[in-house]
Each structure stands twice: as C-alpha cells, then as structure tokens.
Amino acid sequence: MPREKFEHDLHRLQDEILELGAMAERAISESVQTLKNKDIVHAQSIIDADRHINEKRYAIENEALTLIATQQPMAGDLRTLAAILEIASELERMADYAKGIANIAVMIGPEGLIKPLVDVPRMAVKACDMLHRSLEAFLRQDVDAARAIPKEDVEVDALYEKIYRELITYIIADPKAIDQATRLTWVAHNLERVADRVGNICERIVFSITGHGEELDTPPALGSDPSGRR
Amino acid sequence: MGGIVVRDLSLRYGTRLALQGVSMDIEERQITALIGPSGCGKSTFLRCINRMNDTIPGARAQGTVRLDGFDVYAPGTDVVKLRMRVGMVFQRPNPFPQSIMDNVAFGPRVLATHRGGSLADVVEKSLRSADLWDEVKDSLKQDALALSLGQQQRLCIARVLAVSPEVILMDEPCSALDPIATLRIEELMRVLTQKYTIMIVTHNMQQAARVSDRTGFFWLNEQRAGILAEFGATEQIFTSPRDRRTEDYITGRRFG
C-alpha cells in the first residue's frame, strides 16, 4: 500500500529542487553573459533576484523538515530528504557564485575587457551542463550517472588552469591589467567551485540511493583552493 | 549475564508452521527490538525464549535457545525457574487484583527468593527500579487496579524485577499507553539495560528506532511461516536496510 500523501509531498519537493536548480543554472549562465556583453542592467537584476533563490532554498528546507516531523520517513525516504536538504543548500551557494560574477560585471562596468572571454563562457557551459545532468540523475535515481559526472570536473579544472595562466601573462605584460585580471580570476574561480559543488550533489545522490557514502573526488587542479575546501 | 543464542528455531502450532529457522544472537544488556507485520511470528518468537508457548496446546518448538549457554529446551528444564530468569511484560498491563505491595511481593513470596533481605526491601527496590516508588510509596496498600495504565505497566515491570531476572521480554508494552506514559517506559527501558537484557516486540517503528540497539525484522515466507528477514544495528536498519523487504516495510510501501 503506497503512502499517497507522503509520496506526493516527496515528489513535489523533488520538483522544487529541480526548479531551484534551474534558477541557479540560469543565474550562472546569465551572469557570465552579462560580463561578456557588458550588460550592467541585467547583471544588477541577477544580483537582486538572488533573494528569490535564497527564499526558495529556505522554503524547501522548511517543507523537508515538516515532512520529516510529520511523516517520520525511514531508510531510503529519509536519505532522499537528507539529500534534498543538502542539495538545496549547494544550489543556493552556487547561485551566490553567480551573484558574485554579476557583481564583478557591475564593478568592471562599461570599461573594455582586457581580453575576449572565450574560456570563461566555456567553463560556465560545462559547469551548468554538469549541474543539469546531476539533477536529472537525482530525479531518475541514476547512481551510475551520479558517479560519472564528478569525473568531468577535470575539464573545468583544466579550463580554470588555462585562464589563470593566461591572466597572469596579462598582468606581467601590463600592470594596469592587474585589477581586471584579478577580478576575472575570481570569476573563473567561482565557476570552478560550481563544478566542485556538483560533485557534492552527486555524492549525496549516491548516498541517497545506496545508503553508502562515497567520496567522488577528482585530483585537485593546480592553482585551485590550497585549503582543499570543497 | 543474559546473552541469548538462538539457532534454527522453528515453531509449529499443530500442523501450521508459525516460525521457521530463526537464528539470532541477542546481546546481553542491550535492547533488541522485533518488528514486522502482524502475524509474522514476532510474539511467537518472543514467547519461545521463556517457553511461554508451552502453555498453548499443540505448540512444538524445534532448534535451540541458549541463555548464557543454558539450553532452554533441554529435557528436564524447570520452566518456572526459566521464567524467573526470563520475565515478561504484556501488551495490556495485567496487575493482580491485589494491593500494589502484594503485586510486587507475589513472585518473591511464591518462589521464596527474598531470603537475602526483607520482603519490604525487595518491593521498594523493585518499585524504585521501575520508576514508580515516588508515586506509590504512601499508598502501597492501595488496590493496584486504581493506578493509571502507565503506572500499572510500570508496576508489572516492578513485579518482573522483584524476582531478579536476567532477561525481560516485552510484548508491545506501550500499545495501551498514552505518549507520556510511553516515553516513561522507554526511558525506564534504557536505565534497565544497565542490569538486564531486553527484547521488545513493537508495531511502533519509531519506538523501535528510539529505544533499541539492534532490530530484527520478521517477515512471512512463501509457506506463510514467520522468518527473520534482516537483523542488524538499529541505526543501520532504519537508515540503510540491506533487505528490500525491510525497506518496503519500514518506509510503509507495503502493509503500511
């Protein structure tokens, strides 16, 4: 006998995670576009809209806690709810990175970019694609996909590495570039962290399906956060 | 004291196989919870430990149950002595229609086990251990049936403790009690594990999750006989059960 109300509420929460994921994905992708297109107005709207993402995250958290308190889920259901809590917080932090990128777009303002942005949008596309597929894996309870996606982090790390080295050469060539080059490094760093957090999401998915925690880490990239923070 | 080793235990009621091939190691001074749908042999299994099933005509057990190495089903076992070592608390509190004092003193009087101290001392000690003394110390001569249900159940626990058992079997001990009385029994169970081994049958999964150290999940096989489908640490059973049937049962996907 299925527990209809519980199943219904759990599915709704899963849908809301997908919505939050879509909001975060859009914020990341559009923040990089505003930087590239020097669209300060849109960048500001991304900064302002971050509030809605935070609200959504807390709404999901509230509903998940209510479901735990009122329905006393066990085993796989309990693990799924724990994953939902964790994933909601990861998505909210990812959106914060997007807000950070939009802030940089506003800070750089209308001044010309020291270099055309090619690899940064590539990083954003890759990170968003990983994010999108990780949430699909969550929805489909696809443990193989969840295990595979974090391996792709090496591509994002490699792009980050490349951007970092390239920006260093701009700084060496022209000290006036220091300010913007530093800000662009932050942008790349934020995108690199988005991909790392996709890895965290995938770990939660694997745990919610199998009941076993697995470290789905990839070797840290050169120049990445030396504290090893994830 | 109070460790139980069960090997390949089956039980028939006449021709009907009620329990099939259960093997289980019950750790001493721990709480072991038995969960599963109605009619899957949990209570039958519990009643095998102190041979309460012997009182049912046609009931026949096979396999071994060892209490600290002592073979419970060996020929010539004194079941009265066995039931002193393995006490039982039932679903409905069942105090005798006597005073509080006489209820607790009943076992020591009949079995003459209080030689070491006075009967009054045994009664007080048992009532204290059952977390009831402060509520009844001024009314020991009062009829036990005048107590609240929660108090009656703690009195029944005191009655079991009065004969110094090693193991306490509890068959849905809180199903007639309100949530406050239930929590008091659960707290009491935790304290009692300092000295006693406890086995509890419960339909309340949250209760099993709250109070027990290990949980056994009983299920029916194709022959409609009760089997032990999974047995493990309570935290593992309720967060990551290994058996699909356990998962379906505790998440309420079947027989919810």
# chains A, B, ... in the order shown; residues from 1 in each chain; ligands from 1
$ select_by_dssp --residues "stretch 97-231 of chain B" --states "strand (DSSP E or B)" --output "ChimeraX atom specification"
/B:99,143,167-171,197-201,214-220,226-231
$ interface_residues --of "chain B" --to "chain A" --cutoff "10 Å" --atoms "only C-alpha atoms" --output "PyMOL selection string"
chain B and resi 205-206+209+235-242+246-256
$ atom_distance --atom1 "atom CA of A:Glu155" --atom2 "atom CA of A:Met123"
8.4 Å
$ residues_around --residues "B:Ala105" --least-positions-apart "2" --cutoff "12 Å" --atoms "only C-alpha atoms" --output "PyMOL selection string"
chain B and resi 95-96+98-103+107-114+118-127+140-141+155-156+158-163
$ closest_residue --among "A:Ala137, A:Leu184, A:Ala59, A:Met94" --to "A:Ala24" --atoms "only C-alpha atoms"
A:Met94
$ residues_around --residues "B:Ser38" --least-positions-apart "3" --cutoff "12 Å" --atoms "only C-alpha atoms" --output "list in words"
Leu34, Ile35, Gly41, Lys42, Ser43, Thr44, Glu172, Val201, Thr202, His203, Asn204, Phe217, Phe218, Trp219, Leu220, Arg224, Gly226, Tyr249, Phe255 and Gly256 of chain B
$ atom_distance --atom1 "atom CA of B:Asp71" --atom2 "atom CA of B:Asn94"
29.1 Å
$ atom_distance --atom1 "atom CA of A:Asp174" --atom2 "atom CA of A:Val106"
22.6 Å
$ select_by_dssp --residues "stretch 38-149 of chain A" --states "helix (DSSP H, G or I)" --output "JSON, numbers by chain"
{"A": [40, 41, 42, 43, 44, 45, 46, 47, 48, 49, 50, 51, 52, 53, 54, 55, 56, 57, 58, 59, 60, 61, 62, 63, 64, 65, 66, 67, 68, 69, 70, 71, 75, 76, 77, 78, 79, 80, 81, 82, 83, 84, 85, 86, 87, 88, 89, 90, 91, 92, 93, 94, 95, 96, 97, 98, 99, 100, 101, 102, 103, 104, 105, 106, 107, 108, 119, 120, 121, 122, 123, 124, 125, 126, 127, 128, 129, 130, 131, 132, 133, 134, 135, 136, 137, 138, 139, 140, 143, 144, 145, 146, 147, 148, 149]}
$ closest_residue --among "B:Ala146, B:Val86, B:Met1, B:Ala176" --to "B:Gln194" --atoms "only C-alpha atoms"
B:Met1
$ closest_residue --among "A:Ile68, A:Ala177, A:Val187, A:Ala49" --to "A:Val32" --atoms "only C-alpha atoms"
A:Val187
$ closest_residue --among "B:Ile168, B:Ile26, B:Leu183, B:Val191" --to "B:Leu82" --atoms "only C-alpha atoms"
B:Ile168
$ residues_around --residues "A:Gln33" --least-positions-apart "3" --cutoff "10 Å" --atoms "only C-alpha atoms" --output "JSON, numbers by chain"
{"A": [27, 28, 29, 30, 36, 37, 38, 39, 42, 43, 101, 102, 105, 117, 120, 121, 124]}
$ decode --residues "stretch 129-157 of chain B" --atoms "N, CA and C atoms" --output "short mmCIF file (atom, residue, chain, number, x, y, z; two decimals), in the first residue's frame"
data_model
loop_
_atom_site.label_atom_id
_atom_site.label_comp_id
_atom_site.auth_asym_id
_atom_site.auth_seq_id
_atom_site.Cartn_x
_atom_site.Cartn_y
_atom_site.Cartn_z
N SER B 129 13.35 0.70 40.96
CA SER B 129 13.94 0.37 39.66
C SER B 129 12.95 0.57 38.53
N ALA B 130 11.65 0.38 38.85
CA ALA B 130 10.63 0.56 37.83
C ALA B 130 10.13 1.99 37.76
N ASP B 131 10.81 2.89 38.46
CA ASP B 131 10.49 4.32 38.39
C ASP B 131 9.05 4.60 38.88
N LEU B 132 8.62 3.85 39.91
CA LEU B 132 7.24 4.00 40.38
C LEU B 132 7.19 4.34 41.87
N TRP B 133 8.30 4.12 42.57
CA TRP B 133 8.32 4.23 44.03
C TRP B 133 7.76 5.57 44.53
N ASP B 134 8.28 6.68 43.98
CA ASP B 134 7.88 8.00 44.48
C ASP B 134 6.37 8.23 44.35
N GLU B 135 5.76 7.60 43.37
CA GLU B 135 4.33 7.83 43.15
C GLU B 135 3.47 6.96 44.06
N VAL B 136 3.99 5.86 44.54
CA VAL B 136 3.13 4.91 45.27
C VAL B 136 3.60 4.62 46.70
N LYS B 137 4.72 5.21 47.12
CA LYS B 137 5.30 4.81 48.42
C LYS B 137 4.34 5.04 49.58
N ASP B 138 3.42 6.00 49.46
CA ASP B 138 2.47 6.25 50.54
C ASP B 138 1.16 5.50 50.38
N SER B 139 1.06 4.70 49.34
CA SER B 139 -0.21 4.00 49.12
C SER B 139 0.02 2.56 48.70
N LEU B 140 0.98 1.91 49.34
CA LEU B 140 1.34 0.55 48.95
C LEU B 140 0.20 -0.45 49.19
N LYS B 141 -0.70 -0.07 50.11
CA LYS B 141 -1.82 -1.00 50.40
C LYS B 141 -3.00 -0.78 49.45
N GLN B 142 -2.85 0.22 48.61
CA GLN B 142 -3.95 0.56 47.70
C GLN B 142 -4.08 -0.49 46.60
N ASP B 143 -5.30 -0.63 46.08
CA ASP B 143 -5.55 -1.59 45.01
C ASP B 143 -4.75 -1.20 43.76
N ALA B 144 -4.03 -2.14 43.21
CA ALA B 144 -3.20 -1.85 42.04
C ALA B 144 -4.03 -1.40 40.85
N LEU B 145 -5.27 -1.86 40.78
CA LEU B 145 -6.10 -1.52 39.62
C LEU B 145 -6.56 -0.06 39.65
N ALA B 146 -6.31 0.64 40.79
CA ALA B 146 -6.67 2.05 40.87
C ALA B 146 -5.60 2.93 40.21
N LEU B 147 -4.46 2.34 39.89
CA LEU B 147 -3.38 3.12 39.26
C LEU B 147 -3.74 3.44 37.81
N SER B 148 -3.08 4.45 37.24
CA SER B 148 -3.27 4.73 35.81
C SER B 148 -2.64 3.59 35.01
N LEU B 149 -2.99 3.51 33.73
CA LEU B 149 -2.47 2.40 32.90
C LEU B 149 -0.94 2.43 32.85
N GLY B 150 -0.38 3.63 32.70
CA GLY B 150 1.08 3.76 32.65
C GLY B 150 1.71 3.28 33.94
N GLN B 151 1.08 3.65 35.07
CA GLN B 151 1.60 3.20 36.38
C GLN B 151 1.45 1.68 36.51
N GLN B 152 0.30 1.16 36.03
CA GLN B 152 0.08 -0.30 36.10
C GLN B 152 1.17 -1.04 35.32
N GLN B 153 1.54 -0.48 34.16
CA GLN B 153 2.55 -1.16 33.36
C GLN B 153 3.90 -1.13 34.08
N ARG B 154 4.21 0.01 34.71
CA ARG B 154 5.47 0.07 35.47
C ARG B 154 5.41 -0.87 36.68
N LEU B 155 4.20 -1.04 37.24
CA LEU B 155 4.04 -2.00 38.35
C LEU B 155 4.33 -3.42 37.85
N CYS B 156 3.85 -3.72 36.65
CA CYS B 156 4.12 -5.05 36.08
C CYS B 156 5.62 -5.25 35.85
N ILE B 157 6.29 -4.18 35.47
CA ILE B 157 7.75 -4.27 35.31
C ILE B 157 8.40 -4.50 36.68
#
